[in-house]
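Undergrad: Here it is, the structure in full.
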Amino acid sequence: MQPATKTPLSDSLRRLVGQPASAIDTPALVVDLDAMQRNLGRMAEFARKHDVRWRPHAKMHKSSALARLQMQAGAVGVCVQKTGEAEAMVAGGVNNVYISNEVVTPSKLTRVAELAHQLAADRGQLAIAVDSVEGVRRLAQAMDDRRHGGVPAVIDVFVEIDVGQGRCGVQPGRAAVNLALEIRRYPALRFAGLQAYHGKAQHLRSPQERREAIARVVQDVVFTRKLLEAEHLPPGLVTGAGTGSMLWETASGVFGELQAGSFLFMDADYAANERDPAQPQFEHALFVKTQVMSSGVRHAVCDAGHKSHAIDSGLPKVLDLPPTGELVYENGGDEHGILRPTGSNQRVPKLDEVVWLIPGHVDPTVNLHDFLVGVGGGLEKGRVEKIIRVDARGALS
């Protein structure tokens, strides 16, 4: 079953290409293509400069077109979190996918094995994370059940260690080694290394806090690798890191691959981090275009409520563009947003006025939309250059 978005591209969306950004109906999720390309270039340059692989998280944009764009810029492949996301990426022509998450349900593992064989036949590669002996055995069984003729498939398997996230993963050290030894028992599985991602570290606000958190991660990784070597196991690749912490994983000399994904669009929550000068300067490239539908004495109401953006990382910020000035966005419910002047600004937006919102969290915001509208030449005077399908929207299984 292919999980790709079924919503057809409407005639109105097709006609948007070539039109000014002012023609985009609201609310809509809009990509500033110029800012996105600058972000992509800065990430590629960072990886080249530090001689580290990068495998961005496609769960952020959920678009095979954007995944291919990242690989053209130098990414070795993409990460996803769900089997359905992996299927959508492969269906869209992405040939190197890592499911950086545990999959243990037999029906899903059947799909994983099918993908592994499909990619092997196309000279691609699938990888997956594990954190239990039972998970390894079920994966091996699924691969064995699928094996018949054609190109034999071998799936890369990373042992996930819990380095502070407190979510999935075995404890660093002996437990991880035992899993690596279990993986080696099965011909269709190849121990590829360690998954060491610390999600909570991404949003620690000060560089010092993030540096200290990743230093503890590195200690756990080094300890585990030494035990692997003592068992005569090649320690393999260490993969992890995110947009907030990638500077320190790279500097450690231990991580060989970065999984940062949000850098491409950035969001209000990541922008709240204090930036270390050594980290690339990423720009906001994803916006909700909205329009004022009601204007009062002290506030205005726009047509972008919670159905157009996620609020798990807080309400969106308002892009300060003339003539709106500095505004704060307040909760107006599912279909409405309250806009109030703030700071030195005393002007209430007028009826029909366009306002651009910066989502608090890009990943779940993208998952609310079937398509992204790509604008070149800036939000105010630019034109629509492309419509980007969110292939893996709703790919939750």
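Letters A, B, ... go to the chains of the structure tokens in the order shown; residues in each chain start at 1; ligands are counted from 1 in the same order.
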For region 315-320 of chain A, find every residue with an atom within 8 Å (counting only C-alpha atoms), except residues of its own chain fewer than 6 positions away, and show them as a list in words.
TA: Ala268, His309, Glu326, Leu327, Val328, Tyr329, Glu330, Asn331, Val355, Trp356, Leu357, Ile358, Pro359 and Gly360 of chain A
Undergrad: Please, could you write that set of residues out with N, CA and C atoms as a JSON list (two decimals), in the first residue's frame?
TA:
[["chain", "number", "residue", "atom", "x", "y", "z"],
["A", 268, "ALA", "N", 10.23, 28.86, 14.44],
["A", 268, "ALA", "CA", 10.34, 29.85, 15.51],
["A", 268, "ALA", "C", 11.05, 29.27, 16.73],
["A", 309, "HIS", "N", -1.34, 25.38, 11.25],
["A", 309, "HIS", "CA", 0.01, 25.32, 11.83],
["A", 309, "HIS", "C", -0.05, 24.55, 13.15],
["A", 326, "GLU", "N", 5.36, 45.34, 13.92],
["A", 326, "GLU", "CA", 5.52, 44.28, 14.91],
["A", 326, "GLU", "C", 4.17, 43.87, 15.49],
["A", 327, "LEU", "N", 3.85, 42.58, 15.34],
["A", 327, "LEU", "CA", 2.59, 42.04, 15.82],
["A", 327, "LEU", "C", 2.83, 40.78, 16.63],
["A", 328, "VAL", "N", 1.90, 40.48, 17.52],
["A", 328, "VAL", "CA", 1.93, 39.21, 18.24],
["A", 328, "VAL", "C", 0.71, 38.41, 17.82],
["A", 329, "TYR", "N", 0.91, 37.11, 17.64],
["A", 329, "TYR", "CA", -0.18, 36.21, 17.26],
["A", 329, "TYR", "C", -0.70, 35.55, 18.53],
["A", 330, "GLU", "N", -2.03, 35.58, 18.71],
["A", 330, "GLU", "CA", -2.66, 34.96, 19.87],
["A", 330, "GLU", "C", -3.67, 33.91, 19.43],
["A", 331, "ASN", "N", -3.95, 32.99, 20.33],
["A", 331, "ASN", "CA", -4.86, 31.89, 20.04],
["A", 331, "ASN", "C", -6.27, 32.40, 19.71],
["A", 355, "VAL", "N", -0.50, 38.85, 6.11],
["A", 355, "VAL", "CA", 0.43, 38.66, 7.22],
["A", 355, "VAL", "C", 1.12, 37.31, 7.02],
["A", 356, "TRP", "N", 2.41, 37.25, 7.31],
["A", 356, "TRP", "CA", 3.19, 36.03, 7.15],
["A", 356, "TRP", "C", 3.56, 35.48, 8.54],
["A", 357, "LEU", "N", 3.22, 34.24, 8.79],
["A", 357, "LEU", "CA", 3.48, 33.61, 10.08],
["A", 357, "LEU", "C", 4.66, 32.64, 9.99],
["A", 358, "ILE", "N", 5.48, 32.62, 11.03],
["A", 358, "ILE", "CA", 6.60, 31.67, 11.15],
["A", 358, "ILE", "C", 6.16, 30.56, 12.10],
["A", 359, "PRO", "N", 5.96, 29.34, 11.62],
["A", 359, "PRO", "CA", 5.47, 28.27, 12.49],
["A", 359, "PRO", "C", 6.42, 27.98, 13.65],
["A", 360, "GLY", "N", 5.84, 27.57, 14.78],
["A", 360, "GLY", "CA", 6.66, 27.20, 15.92],
["A", 360, "GLY", "C", 7.44, 25.93, 15.67]]
Undergrad: Mind checking DSSP for region 96-328 of chain A and telling me the strand (DSSP E or B) residues as a PyMOL selection string?
TA: chain A and resi 96-99+125-130+155-161+170+189-195+237-240+257-258+286-295+300-302+317-318+327-328
Undergrad: Using N, CA and C atoms, can you export the residues from the last selection as a compact mmCIF listing (two decimals), in the first residue's frame?
TA:
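Produced file part_8.txt, reproduced below:
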# COMPACT_ATOMS: atom_id res chain seq x y z
N ASN A 96 18.05 5.97 -1.14
CA ASN A 96 18.85 5.70 0.05
C ASN A 96 18.10 6.26 1.26
N VAL A 97 17.49 5.37 2.02
CA VAL A 97 16.58 5.78 3.09
C VAL A 97 16.92 5.04 4.37
N TYR A 98 16.95 5.78 5.47
CA TYR A 98 17.20 5.21 6.80
C TYR A 98 15.98 5.45 7.67
N ILE A 99 15.33 4.38 8.10
CA ILE A 99 14.24 4.49 9.07
C ILE A 99 14.89 4.56 10.45
N GLN A 125 19.66 1.49 -1.12
CA GLN A 125 19.92 0.90 0.19
C GLN A 125 18.90 1.38 1.20
N LEU A 126 18.45 0.44 2.03
CA LEU A 126 17.57 0.74 3.16
C LEU A 126 18.30 0.42 4.44
N ALA A 127 18.08 1.26 5.46
CA ALA A 127 18.64 1.03 6.79
C ALA A 127 17.53 1.22 7.81
N ILE A 128 17.75 0.70 9.02
CA ILE A 128 16.74 0.79 10.07
C ILE A 128 17.44 0.74 11.43
N ALA A 129 16.76 1.25 12.45
CA ALA A 129 17.28 1.23 13.83
C ALA A 129 16.58 0.12 14.62
N VAL A 130 17.31 -0.43 15.58
CA VAL A 130 16.75 -1.45 16.48
C VAL A 130 17.18 -1.15 17.91
N ILE A 155 19.91 -5.50 4.65
CA ILE A 155 19.49 -4.23 5.24
C ILE A 155 20.51 -3.79 6.29
N ASP A 156 20.89 -2.52 6.25
CA ASP A 156 21.80 -1.96 7.26
C ASP A 156 21.03 -1.73 8.55
N VAL A 157 21.60 -2.17 9.66
CA VAL A 157 20.91 -2.08 10.95
C VAL A 157 21.78 -1.31 11.93
N PHE A 158 21.22 -0.24 12.49
CA PHE A 158 21.90 0.56 13.50
C PHE A 158 21.32 0.24 14.88
N VAL A 159 22.19 0.07 15.85
CA VAL A 159 21.75 -0.12 17.23
C VAL A 159 21.55 1.27 17.84
N GLU A 160 20.33 1.53 18.27
CA GLU A 160 20.06 2.82 18.90
C GLU A 160 20.39 2.76 20.38
N ILE A 161 21.19 3.72 20.83
CA ILE A 161 21.48 3.82 22.27
C ILE A 161 20.81 5.08 22.81
N VAL A 170 18.67 1.27 23.67
CA VAL A 170 19.21 0.49 24.79
C VAL A 170 20.23 1.35 25.53
N LEU A 189 21.03 -9.25 7.54
CA LEU A 189 21.22 -8.05 8.35
C LEU A 189 22.70 -7.71 8.42
N ARG A 190 23.00 -6.43 8.35
CA ARG A 190 24.39 -5.97 8.43
C ARG A 190 24.49 -4.91 9.52
N PHE A 191 25.29 -5.18 10.56
CA PHE A 191 25.48 -4.19 11.62
C PHE A 191 26.20 -2.99 11.02
N ALA A 192 25.54 -1.82 11.08
CA ALA A 192 26.06 -0.63 10.40
C ALA A 192 26.66 0.39 11.35
N GLY A 193 26.35 0.28 12.66
CA GLY A 193 26.88 1.24 13.60
C GLY A 193 25.87 1.62 14.67
N LEU A 194 26.02 2.83 15.19
CA LEU A 194 25.22 3.28 16.32
C LEU A 194 24.37 4.49 15.95
N GLN A 195 23.13 4.46 16.39
CA GLN A 195 22.25 5.61 16.33
C GLN A 195 22.32 6.30 17.69
N LEU A 237 29.46 3.17 11.67
CA LEU A 237 29.17 4.59 11.61
C LEU A 237 28.39 5.03 12.84
N VAL A 238 28.69 6.22 13.33
CA VAL A 238 27.86 6.84 14.37
C VAL A 238 27.04 7.92 13.70
N THR A 239 25.71 7.80 13.80
CA THR A 239 24.81 8.74 13.14
C THR A 239 23.89 9.37 14.18
N GLY A 240 23.55 10.62 13.96
CA GLY A 240 22.71 11.35 14.90
C GLY A 240 22.81 12.84 14.62
N GLU A 257 28.03 11.02 10.66
CA GLU A 257 26.86 11.40 9.87
C GLU A 257 25.93 12.28 10.69
N LEU A 258 25.44 13.34 10.05
CA LEU A 258 24.54 14.28 10.69
C LEU A 258 23.13 14.10 10.14
N LEU A 286 10.01 28.87 5.67
CA LEU A 286 8.65 28.34 5.61
C LEU A 286 7.70 29.28 6.35
N PHE A 287 6.62 29.66 5.68
CA PHE A 287 5.69 30.63 6.24
C PHE A 287 4.25 30.22 5.95
N VAL A 288 3.37 30.58 6.86
CA VAL A 288 1.94 30.48 6.59
C VAL A 288 1.48 31.86 6.12
N LYS A 289 1.02 31.90 4.86
CA LYS A 289 0.46 33.16 4.38
C LYS A 289 -0.98 33.23 4.86
N THR A 290 -1.34 34.34 5.49
CA THR A 290 -2.69 34.53 6.00
C THR A 290 -3.15 35.95 5.69
N GLN A 291 -4.44 36.19 5.88
CA GLN A 291 -5.02 37.47 5.49
C GLN A 291 -6.00 37.93 6.57
N VAL A 292 -6.04 39.22 6.79
CA VAL A 292 -6.94 39.79 7.79
C VAL A 292 -8.38 39.69 7.30
N MET A 293 -9.23 39.07 8.13
CA MET A 293 -10.64 38.90 7.79
C MET A 293 -11.55 39.76 8.66
N SER A 294 -10.98 40.34 9.72
CA SER A 294 -11.75 41.23 10.59
C SER A 294 -10.77 42.18 11.26
N SER A 295 -11.12 43.45 11.34
CA SER A 295 -10.22 44.43 11.94
C SER A 295 -11.00 45.32 12.90
N ALA A 300 -6.81 42.62 15.21
CA ALA A 300 -7.33 42.12 13.95
C ALA A 300 -7.41 40.61 14.03
N VAL A 301 -8.16 40.02 13.13
CA VAL A 301 -8.30 38.56 13.07
C VAL A 301 -7.89 38.08 11.69
N CYS A 302 -7.00 37.07 11.65
CA CYS A 302 -6.58 36.50 10.37
C CYS A 302 -7.21 35.12 10.18
N LYS A 317 5.18 32.95 15.23
CA LYS A 317 5.62 34.34 15.29
C LYS A 317 5.18 35.04 14.01
N VAL A 318 5.04 36.35 14.09
CA VAL A 318 4.63 37.14 12.92
C VAL A 318 5.87 37.78 12.31
N LEU A 327 3.85 42.58 15.34
CA LEU A 327 2.59 42.04 15.82
C LEU A 327 2.83 40.78 16.63
N VAL A 328 1.90 40.48 17.52
CA VAL A 328 1.93 39.21 18.24
C VAL A 328 0.71 38.41 17.82
Undergrad: Which of these, A:Ser63, A:Gln118, A:Thr324, A:Thr224, has the shortest distance to Leu351 (chain A) once you count only C-alpha atoms?
TA: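 The closest residue to Leu351 (chain A) is A:Thr324.
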Undergrad: Which is closest to Leu66 (chain A) among A:Gly261, A:Gly84, A:Gly244, A:Pro207, if we use only C-alpha atoms?
TA: A:Gly261
Undergrad: As a ChimeraX atom specification, please: the residues near Arg210 (chain A) (cut-off 12 Å, only C-alpha atoms, same-chain neighbours under 5 positions excluded).
TA: /A:198-205,215-217,241-249,273-276
Undergrad: How would the residues just chosen look if you wrote them out with N, CA and C atoms as a tab-separated table (two decimals), in the first residue's frame?
TA:
chain	number	residue	atom	x	y	z
A	198	HIS	N	20.18	12.81	20.35
A	198	HIS	CA	19.68	13.42	21.58
A	198	HIS	C	18.74	14.56	21.20
A	199	GLY	N	17.45	14.23	21.09
A	199	GLY	CA	16.48	15.22	20.66
A	199	GLY	C	16.30	16.37	21.63
A	200	LYS	N	16.37	16.08	22.92
A	200	LYS	CA	16.15	17.14	23.91
A	200	LYS	C	17.25	18.20	23.85
A	201	ALA	N	18.43	17.81	23.42
A	201	ALA	CA	19.54	18.77	23.35
A	201	ALA	C	19.33	19.81	22.28
A	202	GLN	N	18.46	19.52	21.29
A	202	GLN	CA	18.29	20.44	20.17
A	202	GLN	C	17.73	21.78	20.60
A	203	HIS	N	16.97	21.80	21.67
A	203	HIS	CA	16.25	23.01	22.05
A	203	HIS	C	16.70	23.58	23.40
A	204	LEU	N	17.86	23.14	23.86
A	204	LEU	CA	18.49	23.83	24.99
A	204	LEU	C	18.96	25.18	24.46
A	205	ARG	N	18.62	26.24	25.14
A	205	ARG	CA	18.75	27.56	24.52
A	205	ARG	C	20.18	28.07	24.38
A	215	ALA	N	28.53	16.57	24.96
A	215	ALA	CA	29.75	15.97	25.54
A	215	ALA	C	29.41	14.67	26.26
A	216	ARG	N	28.27	14.63	26.93
A	216	ARG	CA	27.84	13.40	27.61
A	216	ARG	C	27.45	12.33	26.59
A	217	VAL	N	26.84	12.75	25.48
A	217	VAL	CA	26.51	11.82	24.41
A	217	VAL	C	27.79	11.17	23.88
A	241	ALA	N	22.61	13.65	15.64
A	241	ALA	CA	22.72	15.11	15.57
A	241	ALA	C	21.49	15.73	14.94
A	242	GLY	N	21.24	16.98	15.31
A	242	GLY	CA	20.13	17.74	14.77
A	242	GLY	C	20.57	19.16	14.51
A	243	THR	N	19.67	19.96	14.02
A	243	THR	CA	19.98	21.34	13.66
A	243	THR	C	20.52	22.13	14.85
A	244	GLY	N	20.01	21.83	16.05
A	244	GLY	CA	20.44	22.59	17.22
A	244	GLY	C	21.79	22.22	17.77
A	245	SER	N	22.25	20.98	17.50
A	245	SER	CA	23.46	20.50	18.16
A	245	SER	C	24.56	20.03	17.22
A	246	MET	N	24.34	20.08	15.92
A	246	MET	CA	25.25	19.43	14.98
A	246	MET	C	26.68	19.95	15.05
A	247	LEU	N	26.85	21.16	15.52
A	247	LEU	CA	28.19	21.73	15.65
A	247	LEU	C	29.06	20.88	16.55
A	248	TRP	N	28.50	20.40	17.65
A	248	TRP	CA	29.30	19.68	18.65
A	248	TRP	C	29.44	18.20	18.32
A	249	GLU	N	28.44	17.59	17.68
A	249	GLU	CA	28.64	16.22	17.20
A	249	GLU	C	29.76	16.19	16.17
A	273	ASN	N	16.85	29.56	19.90
A	273	ASN	CA	18.15	29.15	20.44
A	273	ASN	C	19.18	30.26	20.25
A	274	GLU	N	20.05	30.42	21.22
A	274	GLU	CA	21.18	31.32	21.05
A	274	GLU	C	22.19	30.64	20.13
A	275	ARG	N	22.53	31.29	19.06
A	275	ARG	CA	23.40	30.67	18.05
A	275	ARG	C	24.87	30.79	18.42
A	276	ASP	N	25.59	29.68	18.28
A	276	ASP	CA	27.05	29.72	18.39
A	276	ASP	C	27.61	30.30	17.09
Undergrad: Taking only C-alpha atoms into account, which of A:His232, A:Arg298, A:Arg42, A:Arg48 comes nearest Phe263 (chain A)?
TA: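 Answer, going by the shortest atom-to-atom distance: A:Arg42.
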Undergrad: May I have the residues within 7 Å of Val94 (chain A) as a ChimeraX atom specification, using only C-alpha atoms and disregarding those fewer than 5 positions away in the same chain?
TA: /A:64,68,89
